[in-house]
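Participant: Below is one structure. I have some questions about it.
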Amino acid sequence: YSGPFNNLLKELNRDPRWMKLNRMKKTADQRFTKEELILRLFAFNNRYESYGGRLAKFLNDYMADEKNCTQDELEEKKQLFIRTVTIVYERVYNETGPTTRTPISVIEATLVGVARNINTIFNLPAPEIKRRHEQMLQHEEFSEQRLSEGLAGKQRLISRIGAAVNAFAGT
């Protein structure tokens with residue numbers, strides 16, 4: 001899926017805030033896992049409700065649809081990413097990043113929940129954003145049991161992302 005969108009994913013993966021959020025070293029080989037997390041952010045932000053239960057197919061379909069984005073679309077995605085990462089890094093995780101024990105599915109849901117509500121929460125104070133994050137974590141979809149199995153299943157993923165979106169919306 002080479003093209004402008006793939007190039008954007010690579011560029012965003014080098015963003016200093018993103019690297020700090022993920023505790024990435026500049027020389028570390030992440031084997032595209034962090035780029036995939038960026039891809040998941042965009043794909044789930046745009047269409048998690050249509051997720052069919054097969055993660056690889058969902059992401060591949062999204063890449064195929066987006067691979068030739070216009071410059072305006074790429075800039076819009078870039079700005080969404082920067083604003084989202086800034087909020088998550090600075091106001092959710094206090095510029096320390098999540099703990100090493102934080103599951104990727106929690107980070108993913110946090111990113112999508114923030115991105116889906118970016119215009120509503122961008123100017124909220126950190127304590128309110130943290131409260132909403134804690135509300136998200138209290139949802140049953142983020143229980144240890146739910147986070148231990150079947151994470152990519154259709155209903156589980158849609159419910160988890162939906163809970164994050166609602167939590168950051170303040171509902």
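Following the order of the structure tokens, first chain is A, next is B, and so on, with residues numbered from 1 inside each chain and ligands from 1 in the order they appear.
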For Glu76 of chain A, work out the shell of residues within 12 Å, counting only C-alpha atoms and skipping chain neighbours fewer than 6 positions away, then give it as a ChimeraX atom specification.

Facilitator: /A:5,8,42,69-70,82-83

Participant: Restrict the calculation to only C-alpha atoms, then for each residue of segment 30-107 of chain A with any atom at most 10 Å from an atom of segment 162-170 of chain A give the closest atom pair and their distance in Å to one decimal, rows by chain and rising residue number, as CSV.

Facilitator:
residue,atom,partner,partner_atom,distance
A:Asn45,CA,A:Val165,CA,9.3
A:Tyr48,CA,A:Gly162,CA,8.5
A:Glu49,CA,A:Gly162,CA,8.4
A:Val106,CA,A:Ala164,CA,9.0

Participant: Report the distance between atom CA of Gly113 of chain A and atom CA of Ala64 of chain A in Å, rounded to one decimal place.

Facilitator: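 Calculated distance between atom CA of Gly113 of chain A and atom CA of Ala64 of chain A is 23.9 Å.
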
Participant: Looking at only C-alpha atoms, which of A:Thr86, A:Asn123, A:Thr96, A:Asn60 is the one that sits closest to Leu111 of chain A?

Facilitator: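 That would be A:Thr86, the residue with the smallest distance to Leu111 of chain A.
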
Participant: Quick one: distance from atom CA of Gln138 of chain A to atom CA of Ser105 of chain A in Å, one decimal?

Facilitator: 14.5 Å

Participant: I'd like to know which residues of chain A are helix (DSSP H, G or I) (by DSSP, run on the backbone); could you write them as a CSV table (one decimal) with C-alpha atoms, in the first residue's frame?

Facilitator:
chain,number,residue,atom,x,y,z
A,4,PRO,CA,0.9,9.2,0.3
A,5,PHE,CA,-1.0,7.7,3.1
A,6,ASN,CA,1.6,5.1,3.9
A,7,ASN,CA,4.2,7.9,3.8
A,8,LEU,CA,2.2,9.9,6.3
A,9,LEU,CA,2.1,6.9,8.7
A,10,LYS,CA,5.9,6.7,8.5
A,11,GLU,CA,6.2,10.4,9.1
A,12,LEU,CA,3.8,10.5,12.1
A,13,ASN,CA,5.6,7.5,13.6
A,16,PRO,CA,8.5,13.3,19.0
A,17,ARG,CA,5.4,13.3,21.2
A,18,TRP,CA,4.3,10.0,19.7
A,19,MET,CA,7.8,8.5,20.3
A,20,LYS,CA,7.6,9.7,24.0
A,21,LEU,CA,4.1,8.4,24.4
A,33,THR,CA,3.8,-2.0,15.4
A,34,LYS,CA,3.6,1.7,16.2
A,35,GLU,CA,2.7,2.6,12.6
A,36,GLU,CA,0.0,0.0,12.8
A,37,LEU,CA,-1.3,1.7,15.9
A,38,ILE,CA,-1.5,5.0,14.0
A,39,LEU,CA,-3.3,3.2,11.2
A,40,ARG,CA,-5.8,1.7,13.8
A,41,LEU,CA,-6.4,5.2,15.1
A,42,PHE,CA,-7.4,6.5,11.7
A,43,ALA,CA,-9.3,3.4,10.7
A,44,PHE,CA,-11.3,3.1,13.9
A,45,ASN,CA,-11.8,6.8,14.1
A,46,ASN,CA,-13.4,6.8,10.7
A,47,ARG,CA,-15.3,3.6,10.7
A,48,TYR,CA,-15.2,1.4,13.7
A,49,GLU,CA,-18.9,0.9,13.6
A,50,SER,CA,-18.4,-1.1,10.3
A,55,LEU,CA,-8.7,-7.0,11.9
A,56,ALA,CA,-6.2,-7.6,9.1
A,57,LYS,CA,-8.9,-7.3,6.5
A,58,PHE,CA,-10.3,-4.2,8.1
A,59,LEU,CA,-6.9,-2.5,8.2
A,60,ASN,CA,-6.0,-3.6,4.7
A,61,ASP,CA,-9.3,-2.3,3.3
A,62,TYR,CA,-8.8,1.0,5.0
A,63,MET,CA,-5.2,1.3,3.6
A,64,ALA,CA,-6.5,0.5,0.1
A,65,ASP,CA,-9.2,3.1,0.4
A,66,GLU,CA,-6.9,5.8,1.8
A,71,GLN,CA,-3.0,16.7,0.3
A,72,ASP,CA,-5.9,18.2,2.1
A,73,GLU,CA,-7.0,14.9,3.5
A,74,LEU,CA,-3.5,14.0,4.5
A,75,GLU,CA,-3.1,17.4,6.3
A,76,GLU,CA,-6.4,16.8,8.1
A,77,LYS,CA,-5.3,13.4,9.3
A,78,LYS,CA,-2.0,14.8,10.4
A,79,GLN,CA,-3.6,17.6,12.4
A,80,LEU,CA,-6.0,15.1,14.0
A,81,PHE,CA,-3.1,12.9,14.9
A,82,ILE,CA,-1.0,15.7,16.4
A,83,ARG,CA,-3.9,17.1,18.4
A,84,THR,CA,-4.9,13.6,19.7
A,85,VAL,CA,-1.4,12.6,20.7
A,86,THR,CA,-0.8,15.9,22.4
A,87,ILE,CA,-3.9,15.5,24.5
A,88,VAL,CA,-3.2,11.8,25.3
A,89,TYR,CA,0.5,12.4,26.1
A,90,GLU,CA,0.1,15.7,28.1
A,91,ARG,CA,-3.3,15.4,29.7
A,92,VAL,CA,-4.1,11.7,30.1
A,104,ILE,CA,-2.4,-1.8,23.4
A,105,SER,CA,-6.2,-2.2,23.2
A,106,VAL,CA,-6.5,0.4,26.0
A,107,ILE,CA,-4.1,2.8,24.3
A,108,GLU,CA,-5.9,2.3,21.0
A,109,ALA,CA,-9.3,3.0,22.6
A,110,THR,CA,-8.0,6.0,24.4
A,111,LEU,CA,-6.6,7.4,21.1
A,112,VAL,CA,-9.8,6.8,19.2
A,113,GLY,CA,-12.0,8.1,22.1
A,114,VAL,CA,-10.0,11.3,22.2
A,115,ALA,CA,-9.9,11.7,18.4
A,116,ARG,CA,-13.6,11.2,18.0
A,118,ILE,CA,-11.3,16.2,19.7
A,119,ASN,CA,-13.2,19.4,19.2
A,120,THR,CA,-15.1,18.9,22.4
A,121,ILE,CA,-12.2,18.1,24.7
A,126,ALA,CA,-6.3,18.0,32.2
A,127,PRO,CA,-8.3,16.9,35.4
A,128,GLU,CA,-11.5,16.7,33.4
A,129,ILE,CA,-9.8,14.7,30.6
A,130,LYS,CA,-8.3,12.3,33.1
A,131,ARG,CA,-11.7,11.9,34.8
A,132,ARG,CA,-13.1,10.9,31.5
A,133,HIS,CA,-10.2,8.4,30.9
A,134,GLU,CA,-10.9,6.9,34.3
A,135,GLN,CA,-14.6,6.6,33.5
A,136,MET,CA,-13.5,4.8,30.3
A,137,LEU,CA,-11.3,2.4,32.3
A,138,GLN,CA,-14.2,1.6,34.7
A,140,GLU,CA,-16.8,-3.4,31.8
A,141,GLU,CA,-15.1,-3.6,28.4
A,142,PHE,CA,-11.9,-2.6,30.1
A,146,ARG,CA,-12.5,-8.6,28.9
A,147,LEU,CA,-9.0,-7.5,28.0
A,148,SER,CA,-7.6,-11.0,28.3
A,154,LYS,CA,-16.4,-7.9,16.2
A,155,GLN,CA,-18.7,-7.1,19.1
A,156,ARG,CA,-15.9,-6.8,21.7
A,157,LEU,CA,-14.0,-4.3,19.6
A,158,ILE,CA,-17.0,-2.2,18.7
A,159,SER,CA,-18.2,-2.2,22.3
A,160,ARG,CA,-14.7,-1.2,23.6
A,161,ILE,CA,-14.2,1.6,21.1
A,162,GLY,CA,-17.8,2.8,21.7
A,163,ALA,CA,-17.2,2.9,25.4
A,164,ALA,CA,-14.1,5.0,24.9
A,165,VAL,CA,-15.9,7.4,22.5
A,166,ASN,CA,-18.8,7.8,25.0
A,167,ALA,CA,-16.5,8.3,28.0
A,168,PHE,CA,-14.5,11.1,26.3
A,169,ALA,CA,-17.8,12.6,25.1

Participant: Mind giving me the straight-line distance from atom CA of Gly150 of chain A to atom CA of Gly53 of chain A in Å, one decimal?

Facilitator: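 Interatomic distance here is 10.2 Å.
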